[in-house]
$ cat model-v5.cif   # mmCIF, C-alpha atoms; chains and numbers go by the auth columns
data_coords
loop_
_atom_site.group_PDB
_atom_site.id
_atom_site.type_symbol
_atom_site.label_atom_id
_atom_site.label_comp_id
_atom_site.label_asym_id
_atom_site.label_seq_id
_atom_site.Cartn_x
_atom_site.Cartn_y
_atom_site.Cartn_z
_atom_site.B_iso_or_equiv
_atom_site.auth_seq_id
_atom_site.auth_asym_id
ATOM 1 C CA MET A 1 104.599 78.556 103.132 0.00 1 A
ATOM 2 C CA PRO A 2 103.727 81.954 101.699 0.00 2 A
ATOM 3 C CA VAL A 3 106.042 83.234 99.000 0.00 3 A
ATOM 4 C CA ILE A 4 105.454 86.741 100.314 0.00 4 A
ATOM 5 C CA LEU A 5 107.854 85.974 103.172 0.00 5 A
ATOM 6 C CA PHE A 6 110.765 85.257 100.830 0.00 6 A
ATOM 7 C CA ALA A 7 110.157 87.416 97.736 0.00 7 A
ATOM 8 C CA PRO A 8 111.268 90.706 99.372 0.00 8 A
ATOM 9 C CA LEU A 9 114.541 89.088 100.448 0.00 9 A
ATOM 10 C CA ALA A 10 115.964 89.367 96.921 0.00 10 A
ATOM 11 C CA PRO A 11 116.008 93.184 96.659 0.00 11 A
ATOM 12 C CA ALA A 12 117.090 93.627 100.298 0.00 12 A
ATOM 13 C CA ILE A 13 120.014 91.217 99.994 0.00 13 A
ATOM 14 C CA THR A 14 120.975 92.480 96.538 0.00 14 A
ATOM 15 C CA LEU A 15 120.969 96.059 97.783 0.00 15 A
ATOM 16 C CA ASN A 16 123.141 95.197 100.751 0.00 16 A
ATOM 17 C CA THR A 17 125.526 93.128 98.653 0.00 17 A
ATOM 18 C CA CYS A 18 125.930 95.970 96.149 0.00 18 A
ATOM 19 C CA TYR A 19 127.251 98.201 98.890 0.00 19 A
ATOM 20 C CA GLY A 20 130.298 95.980 99.230 0.00 20 A
ATOM 21 C CA THR A 21 132.857 96.516 101.923 0.00 21 A
ATOM 22 C CA SER A 22 134.023 99.974 102.725 0.00 22 A
ATOM 23 C CA ALA A 23 137.608 100.560 101.784 0.00 23 A
ATOM 24 C CA PRO A 24 139.809 102.316 104.330 0.00 24 A
ATOM 25 C CA ILE A 25 140.290 105.159 101.861 0.00 25 A
ATOM 26 C CA GLU A 26 136.579 105.955 101.992 0.00 26 A
ATOM 27 C CA SER A 27 136.844 106.896 105.647 0.00 27 A
ATOM 28 C CA THR A 28 139.275 109.699 104.754 0.00 28 A
ATOM 29 C CA ALA A 29 137.726 110.756 101.447 0.00 29 A
ATOM 30 C CA LEU A 30 135.780 113.955 101.041 0.00 30 A
ATOM 31 C CA ARG A 31 132.951 112.155 99.241 0.00 31 A
ATOM 32 C CA ARG A 32 130.076 111.224 101.469 0.00 32 A
ATOM 33 C CA VAL A 33 129.549 107.619 100.376 0.00 33 A
ATOM 34 C CA ALA A 34 127.444 106.549 103.354 0.00 34 A
ATOM 35 C CA ALA A 35 124.813 109.184 102.614 0.00 35 A
ATOM 36 C CA LEU A 36 124.602 107.890 99.047 0.00 36 A
ATOM 37 C CA ASP A 37 124.227 104.331 100.384 0.00 37 A
ATOM 38 C CA SER A 38 121.303 105.493 102.525 0.00 38 A
ATOM 39 C CA LEU A 39 119.773 107.271 99.548 0.00 39 A
ATOM 40 C CA LEU A 40 120.062 104.083 97.500 0.00 40 A
ATOM 41 C CA ALA A 41 118.191 102.119 100.177 0.00 41 A
ATOM 42 C CA VAL A 42 115.425 104.715 100.310 0.00 42 A
ATOM 43 C CA THR A 43 115.209 104.682 96.503 0.00 43 A
ATOM 44 C CA VAL A 44 114.745 100.900 96.395 0.00 44 A
ATOM 45 C CA VAL A 45 111.954 101.031 98.983 0.00 45 A
ATOM 46 C CA ALA A 46 110.314 104.035 97.267 0.00 46 A
ATOM 47 C CA GLY A 47 110.535 102.277 93.911 0.00 47 A
ATOM 48 C CA MET A 48 108.747 99.256 95.329 0.00 48 A
ATOM 49 C CA ALA A 49 106.105 101.539 96.835 0.00 49 A
ATOM 50 C CA ALA A 50 105.613 103.278 93.496 0.00 50 A
ATOM 51 C CA ALA A 51 105.353 99.955 91.683 0.00 51 A
ATOM 52 C CA THR A 52 102.700 98.650 94.072 0.00 52 A
ATOM 53 C CA ALA A 53 100.733 101.909 94.408 0.00 53 A
ATOM 54 C CA PRO A 54 98.354 101.280 91.448 0.00 54 A
ATOM 55 C CA ILE A 55 97.481 97.852 92.828 0.00 55 A
ATOM 56 C CA ALA A 56 97.005 99.140 96.374 0.00 56 A
ATOM 57 C CA ALA A 57 94.823 101.976 95.051 0.00 57 A
ATOM 58 C CA GLY A 58 92.565 99.474 93.306 0.00 58 A
ATOM 59 C CA TRP A 59 93.369 100.608 89.770 0.00 59 A
ATOM 60 C CA ILE A 60 94.300 97.070 88.739 0.00 60 A
ATOM 61 C CA ASN A 61 91.687 94.407 89.322 0.00 61 A
ATOM 62 C CA GLY A 62 92.113 90.695 89.896 0.00 62 A
ATOM 63 C CA VAL A 63 95.085 91.019 92.235 0.00 63 A
ATOM 64 C CA GLN A 64 95.032 90.764 96.001 0.00 64 A
ATOM 65 C CA ASP A 65 96.141 94.225 97.043 0.00 65 A
ATOM 66 C CA ASP A 66 97.138 93.204 100.562 0.00 66 A
ATOM 67 C CA VAL A 67 99.803 90.865 99.164 0.00 67 A
ATOM 68 C CA PHE A 68 101.694 93.777 97.639 0.00 68 A
ATOM 69 C CA GLU A 69 101.315 95.830 100.803 0.00 69 A
ATOM 70 C CA GLN A 70 102.770 92.912 102.780 0.00 70 A
ATOM 71 C CA ALA A 71 105.630 92.634 100.280 0.00 71 A
ATOM 72 C CA LEU A 72 106.401 96.337 100.684 0.00 72 A
ATOM 73 C CA ARG A 73 106.315 96.073 104.482 0.00 73 A
ATOM 74 C CA ASN A 74 108.564 93.000 104.387 0.00 74 A
ATOM 75 C CA LEU A 75 111.008 94.775 102.067 0.00 75 A
ATOM 76 C CA ILE A 76 111.154 97.665 104.543 0.00 76 A
ATOM 77 C CA CYS A 77 111.733 95.230 107.419 0.00 77 A
ATOM 78 C CA TYR A 78 114.367 93.134 105.640 0.00 78 A
ATOM 79 C CA THR A 79 116.228 96.167 104.273 0.00 79 A
ATOM 80 C CA GLY A 80 116.377 97.772 107.701 0.00 80 A
ATOM 81 C CA LEU A 81 117.543 94.544 109.310 0.00 81 A
ATOM 82 C CA ALA A 82 120.222 94.053 106.646 0.00 82 A
ATOM 83 C CA LEU A 83 121.483 97.620 107.111 0.00 83 A
ATOM 84 C CA ILE A 84 121.635 97.188 110.874 0.00 84 A
ATOM 85 C CA GLY A 85 123.470 93.893 110.468 0.00 85 A
ATOM 86 C CA ARG A 86 125.913 95.484 108.030 0.00 86 A
ATOM 87 C CA ALA A 87 126.763 98.253 110.480 0.00 87 A
ATOM 88 C CA ILE A 88 127.045 96.018 113.540 0.00 88 A
ATOM 89 C CA ALA A 89 128.271 92.625 112.328 0.00 89 A
ATOM 90 C CA GLY A 90 129.747 93.263 108.881 0.00 90 A
ATOM 91 C CA ILE A 91 128.817 92.710 105.256 0.00 91 A
ATOM 92 C CA HIS A 92 128.766 88.907 105.336 0.00 92 A
ATOM 93 C CA VAL A 93 126.445 88.529 108.313 0.00 93 A
ATOM 94 C CA SER A 94 124.104 91.260 107.146 0.00 94 A
ATOM 95 C CA THR A 95 122.564 89.148 104.405 0.00 95 A
ATOM 96 C CA VAL A 96 122.018 86.236 106.774 0.00 96 A
ATOM 97 C CA LEU A 97 119.931 88.186 109.307 0.00 97 A
ATOM 98 C CA PRO A 98 116.872 88.895 107.115 0.00 98 A
ATOM 99 C CA THR A 99 117.039 85.364 105.722 0.00 99 A
ATOM 100 C CA LEU A 100 117.037 83.894 109.222 0.00 100 A
ATOM 101 C CA LEU A 101 114.094 86.084 110.168 0.00 101 A
ATOM 102 C CA ALA A 102 112.105 84.845 107.158 0.00 102 A
ATOM 103 C CA LEU A 103 112.935 81.217 107.958 0.00 103 A
ATOM 104 C CA ILE A 104 112.102 81.568 111.666 0.00 104 A
ATOM 105 C CA VAL A 105 108.805 83.277 110.860 0.00 105 A
ATOM 106 C CA SER A 106 107.885 80.656 108.260 0.00 106 A
ATOM 107 C CA VAL A 107 108.526 77.805 110.713 0.00 107 A
ATOM 108 C CA PHE A 108 107.501 79.238 114.104 0.00 108 A
ATOM 109 C CA GLY A 109 105.520 82.376 113.269 0.00 109 A
ATOM 110 C CA TYR A 110 102.063 80.872 112.879 0.00 110 A
ATOM 111 C CA GLY A 111 99.699 79.698 115.603 0.00 111 A
ATOM 112 C CA ALA A 112 97.258 76.826 115.619 0.00 112 A
ATOM 113 C CA GLU A 113 94.731 78.617 113.405 0.00 113 A
ATOM 114 C CA GLN A 114 97.455 79.657 110.921 0.00 114 A
ATOM 115 C CA VAL A 115 97.311 83.198 112.277 0.00 115 A
ATOM 116 C CA ALA A 116 100.605 85.020 112.675 0.00 116 A
ATOM 117 C CA HIS A 117 101.938 85.556 116.178 0.00 117 A
ATOM 118 C CA TRP A 118 102.375 89.150 117.330 0.00 118 A
ATOM 119 C CA TRP A 119 106.154 88.979 116.894 0.00 119 A
ATOM 120 C CA ALA A 120 106.034 87.518 113.371 0.00 120 A
ATOM 121 C CA TRP A 121 105.876 90.839 111.493 0.00 121 A
ATOM 122 C CA PRO A 122 106.564 89.447 107.999 0.00 122 A
ATOM 123 C CA ALA A 123 103.651 87.014 108.335 0.00 123 A
ATOM 124 C CA ALA A 124 101.194 89.560 109.724 0.00 124 A
ATOM 125 C CA GLY A 125 98.336 90.932 107.691 0.00 125 A
ATOM 126 C CA ALA A 126 98.637 94.179 105.787 0.00 126 A
ATOM 127 C CA SER A 127 96.448 95.981 108.331 0.00 127 A
ATOM 128 C CA ASP A 128 98.636 95.084 111.341 0.00 128 A
ATOM 129 C CA THR A 129 99.882 98.391 112.749 0.00 129 A
ATOM 130 C CA LEU A 130 102.633 96.898 114.917 0.00 130 A
ATOM 131 C CA SER A 131 104.287 95.257 111.923 0.00 131 A
ATOM 132 C CA TRP A 132 104.347 98.532 109.964 0.00 132 A
ATOM 133 C CA VAL A 133 105.701 100.533 112.905 0.00 133 A
ATOM 134 C CA GLY A 134 108.332 97.906 113.681 0.00 134 A
ATOM 135 C CA SER A 135 109.421 97.617 110.058 0.00 135 A
ATOM 136 C CA ALA A 136 109.667 101.397 109.678 0.00 136 A
ATOM 137 C CA ALA A 137 111.667 101.599 112.907 0.00 137 A
ATOM 138 C CA LEU A 138 114.090 98.938 111.646 0.00 138 A
ATOM 139 C CA LEU A 139 114.559 100.844 108.382 0.00 139 A
ATOM 140 C CA LEU A 140 115.117 104.170 110.149 0.00 140 A
ATOM 141 C CA VAL A 141 117.660 102.651 112.526 0.00 141 A
ATOM 142 C CA GLY A 142 119.397 100.931 109.603 0.00 142 A
ATOM 143 C CA LEU A 143 119.525 104.182 107.626 0.00 143 A
ATOM 144 C CA ARG A 144 120.893 105.970 110.672 0.00 144 A
ATOM 145 C CA TYR A 145 123.651 103.376 111.102 0.00 145 A
ATOM 146 C CA THR A 146 124.467 103.575 107.404 0.00 146 A
ATOM 147 C CA ALA A 147 124.575 107.373 107.278 0.00 147 A
ATOM 148 C CA LYS A 148 126.614 107.407 110.490 0.00 148 A
ATOM 149 C CA GLY A 149 129.656 106.520 108.394 0.00 149 A
ATOM 150 C CA ASP A 150 129.726 110.108 107.106 0.00 150 A
ATOM 151 C CA PHE A 151 129.764 111.696 110.552 0.00 151 A
ATOM 152 C CA PRO A 152 133.093 112.855 111.893 0.00 152 A
ATOM 153 C CA ARG A 153 134.615 110.464 114.350 0.00 153 A
#
$ encode --input "model-v5.cif" --output "structure tokens"
Amino acid sequence: MPVILFAPLAPAITLNTCYGTSAPIESTALRRVAALDSLLAVTVVAGMAAATAPIAAGWINGVQDDVFEQALRNLICYTGLALIGRAIAGIHVSTVLPTLLALIVSVFGYGAEQVAHWWAWPAAGASDTLSWVGSAALLLVGLRYTAKGDFPR
């Protein structure tokens, strides 16, 4: 079982847990907390991208560069899924959704030749376009749901 499926869960779940539950007072406050929550999520993903950029660029030798690209893609996927789960199902369920995805992919996501199925985005190779597009779409939808808390009702 590749560790790359589970390693990006830690920052995604930690990020979502740090948000906490929104207090009723925040819905009437003048501060725009949801926009700051979205900015925090983007900062975590951008920080991971910046940390893996030298390896992906080939500046550091002896490391498989596609592993870090897969970790970044999985972090994007898991963060987006956690944000969507937080907006739809609540704070407690939101951390379970990316974990369930990682477990389902690790058990059922590989075919007979140990090649990832088309739907198993976290197990796909770094060059798989569908996994990148799907992960980015999940993150954008999650950021939209998170920032939606600042819109007038």
$ closest_residue --input "model-v5.cif" --among "A:Leu130, A:Leu139, A:Val45, A:Ala7" --to "Leu81 of chain A" --atoms "all atoms listed in the file"
A:Leu139
$ residues_near_point --input "model-v5.cif" --point "(102.6, 89.4, 100.7)" --cutoff "10 Å" --atoms "all atoms listed in the file" --output "ChimeraX atom specification"
/A:2-8,64-74,122-126
$ closest_residue --input "model-v5.cif" --among "A:Val96, A:Leu140, A:Ala50, A:Val42" --to "Ala82 of chain A" --atoms "all atoms listed in the file"
A:Val96
$ atom_distance --input "model-v5.cif" --atom1 "atom CA of Ala116 of chain A" --atom2 "atom CA of Tyr78 of chain A"
17.5 Å
$ residues_near_point --input "model-v5.cif" --point "(109.2, 86.5, 115.7)" --cutoff "6 Å" --atoms "only C-alpha atoms" --output "mmCIF file with C-alpha atoms, in the frame of the given file"
data_model
loop_
_atom_site.group_PDB
_atom_site.id
_atom_site.type_symbol
_atom_site.label_atom_id
_atom_site.label_comp_id
_atom_site.auth_asym_id
_atom_site.auth_seq_id
_atom_site.Cartn_x
_atom_site.Cartn_y
_atom_site.Cartn_z
ATOM 1 C CA VAL A 105 108.805 83.277 110.860
ATOM 2 C CA TRP A 119 106.154 88.979 116.894
ATOM 3 C CA ALA A 120 106.034 87.518 113.371
#
$ resolve_selection --input "model-v5.cif" --expression "the PyMOL selection byres ((chain A and resi 83-93) around 10)" --output "JSON, numbers by chain"
{"A": [12, 13, 15, 16, 17, 19, 20, 21, 22, 37, 38, 41, 78, 79, 80, 81, 82, 94, 95, 96, 97, 98, 138, 139, 140, 141, 142, 143, 144, 145, 146, 147, 148, 149]}
$ write_last_selection --input "model-v5.cif" --atoms "C-alpha atoms" --output "PDB file, in the frame of the given file"
ATOM      1  CA  ALA A  12     117.090  93.627 100.298  1.00  0.00           C
ATOM      2  CA  ILE A  13     120.014  91.217  99.994  1.00  0.00           C
ATOM      3  CA  LEU A  15     120.969  96.059  97.783  1.00  0.00           C
ATOM      4  CA  ASN A  16     123.141  95.197 100.751  1.00  0.00           C
ATOM      5  CA  THR A  17     125.526  93.128  98.653  1.00  0.00           C
ATOM      6  CA  TYR A  19     127.251  98.201  98.890  1.00  0.00           C
ATOM      7  CA  GLY A  20     130.298  95.980  99.230  1.00  0.00           C
ATOM      8  CA  THR A  21     132.857  96.516 101.923  1.00  0.00           C
ATOM      9  CA  SER A  22     134.023  99.974 102.725  1.00  0.00           C
ATOM     10  CA  ASP A  37     124.227 104.331 100.384  1.00  0.00           C
ATOM     11  CA  SER A  38     121.303 105.493 102.525  1.00  0.00           C
ATOM     12  CA  ALA A  41     118.191 102.119 100.177  1.00  0.00           C
ATOM     13  CA  TYR A  78     114.367  93.134 105.640  1.00  0.00           C
ATOM     14  CA  THR A  79     116.228  96.167 104.273  1.00  0.00           C
ATOM     15  CA  GLY A  80     116.377  97.772 107.701  1.00  0.00           C
ATOM     16  CA  LEU A  81     117.543  94.544 109.310  1.00  0.00           C
ATOM     17  CA  ALA A  82     120.222  94.053 106.646  1.00  0.00           C
ATOM     18  CA  SER A  94     124.104  91.260 107.146  1.00  0.00           C
ATOM     19  CA  THR A  95     122.564  89.148 104.405  1.00  0.00           C
ATOM     20  CA  VAL A  96     122.018  86.236 106.774  1.00  0.00           C
ATOM     21  CA  LEU A  97     119.931  88.186 109.307  1.00  0.00           C
ATOM     22  CA  PRO A  98     116.872  88.895 107.115  1.00  0.00           C
ATOM     23  CA  LEU A 138     114.090  98.938 111.646  1.00  0.00           C
ATOM     24  CA  LEU A 139     114.559 100.844 108.382  1.00  0.00           C
ATOM     25  CA  LEU A 140     115.117 104.170 110.149  1.00  0.00           C
ATOM     26  CA  VAL A 141     117.660 102.651 112.526  1.00  0.00           C
ATOM     27  CA  GLY A 142     119.397 100.931 109.603  1.00  0.00           C
ATOM     28  CA  LEU A 143     119.525 104.182 107.626  1.00  0.00           C
ATOM     29  CA  ARG A 144     120.893 105.970 110.672  1.00  0.00           C
ATOM     30  CA  TYR A 145     123.651 103.376 111.102  1.00  0.00           C
ATOM     31  CA  THR A 146     124.467 103.575 107.404  1.00  0.00           C
ATOM     32  CA  ALA A 147     124.575 107.373 107.278  1.00  0.00           C
ATOM     33  CA  LYS A 148     126.614 107.407 110.490  1.00  0.00           C
ATOM     34  CA  GLY A 149     129.656 106.520 108.394  1.00  0.00           C
TER      35      GLY A 149
END
$ atom_distance --input "model-v5.cif" --atom1 "atom CA of Ala10 of chain A" --atom2 "atom CA of Gly47 of chain A"
14.3 Å
$ atom_distance --input "model-v5.cif" --atom1 "atom CA of Ala137 of chain A" --atom2 "atom CA of Ile55 of chain A"
24.9 Å
$ axis_aligned_box --input "model-v5.cif" --around "segment 117-130 of chain A" --padding-each-side "4 Å" --output "lines of an AutoDock Vina configuration file"
center_x = 101.5
center_y = 92.0
center_z = 111.6
size_x = 18.1
size_y = 20.8
size_z = 19.5
$ closest_residue --input "model-v5.cif" --among "A:Leu9, A:Cys18, A:Ala49, A:Gly134" --to "Leu103 of chain A" --atoms "all atoms listed in the file"
A:Leu9
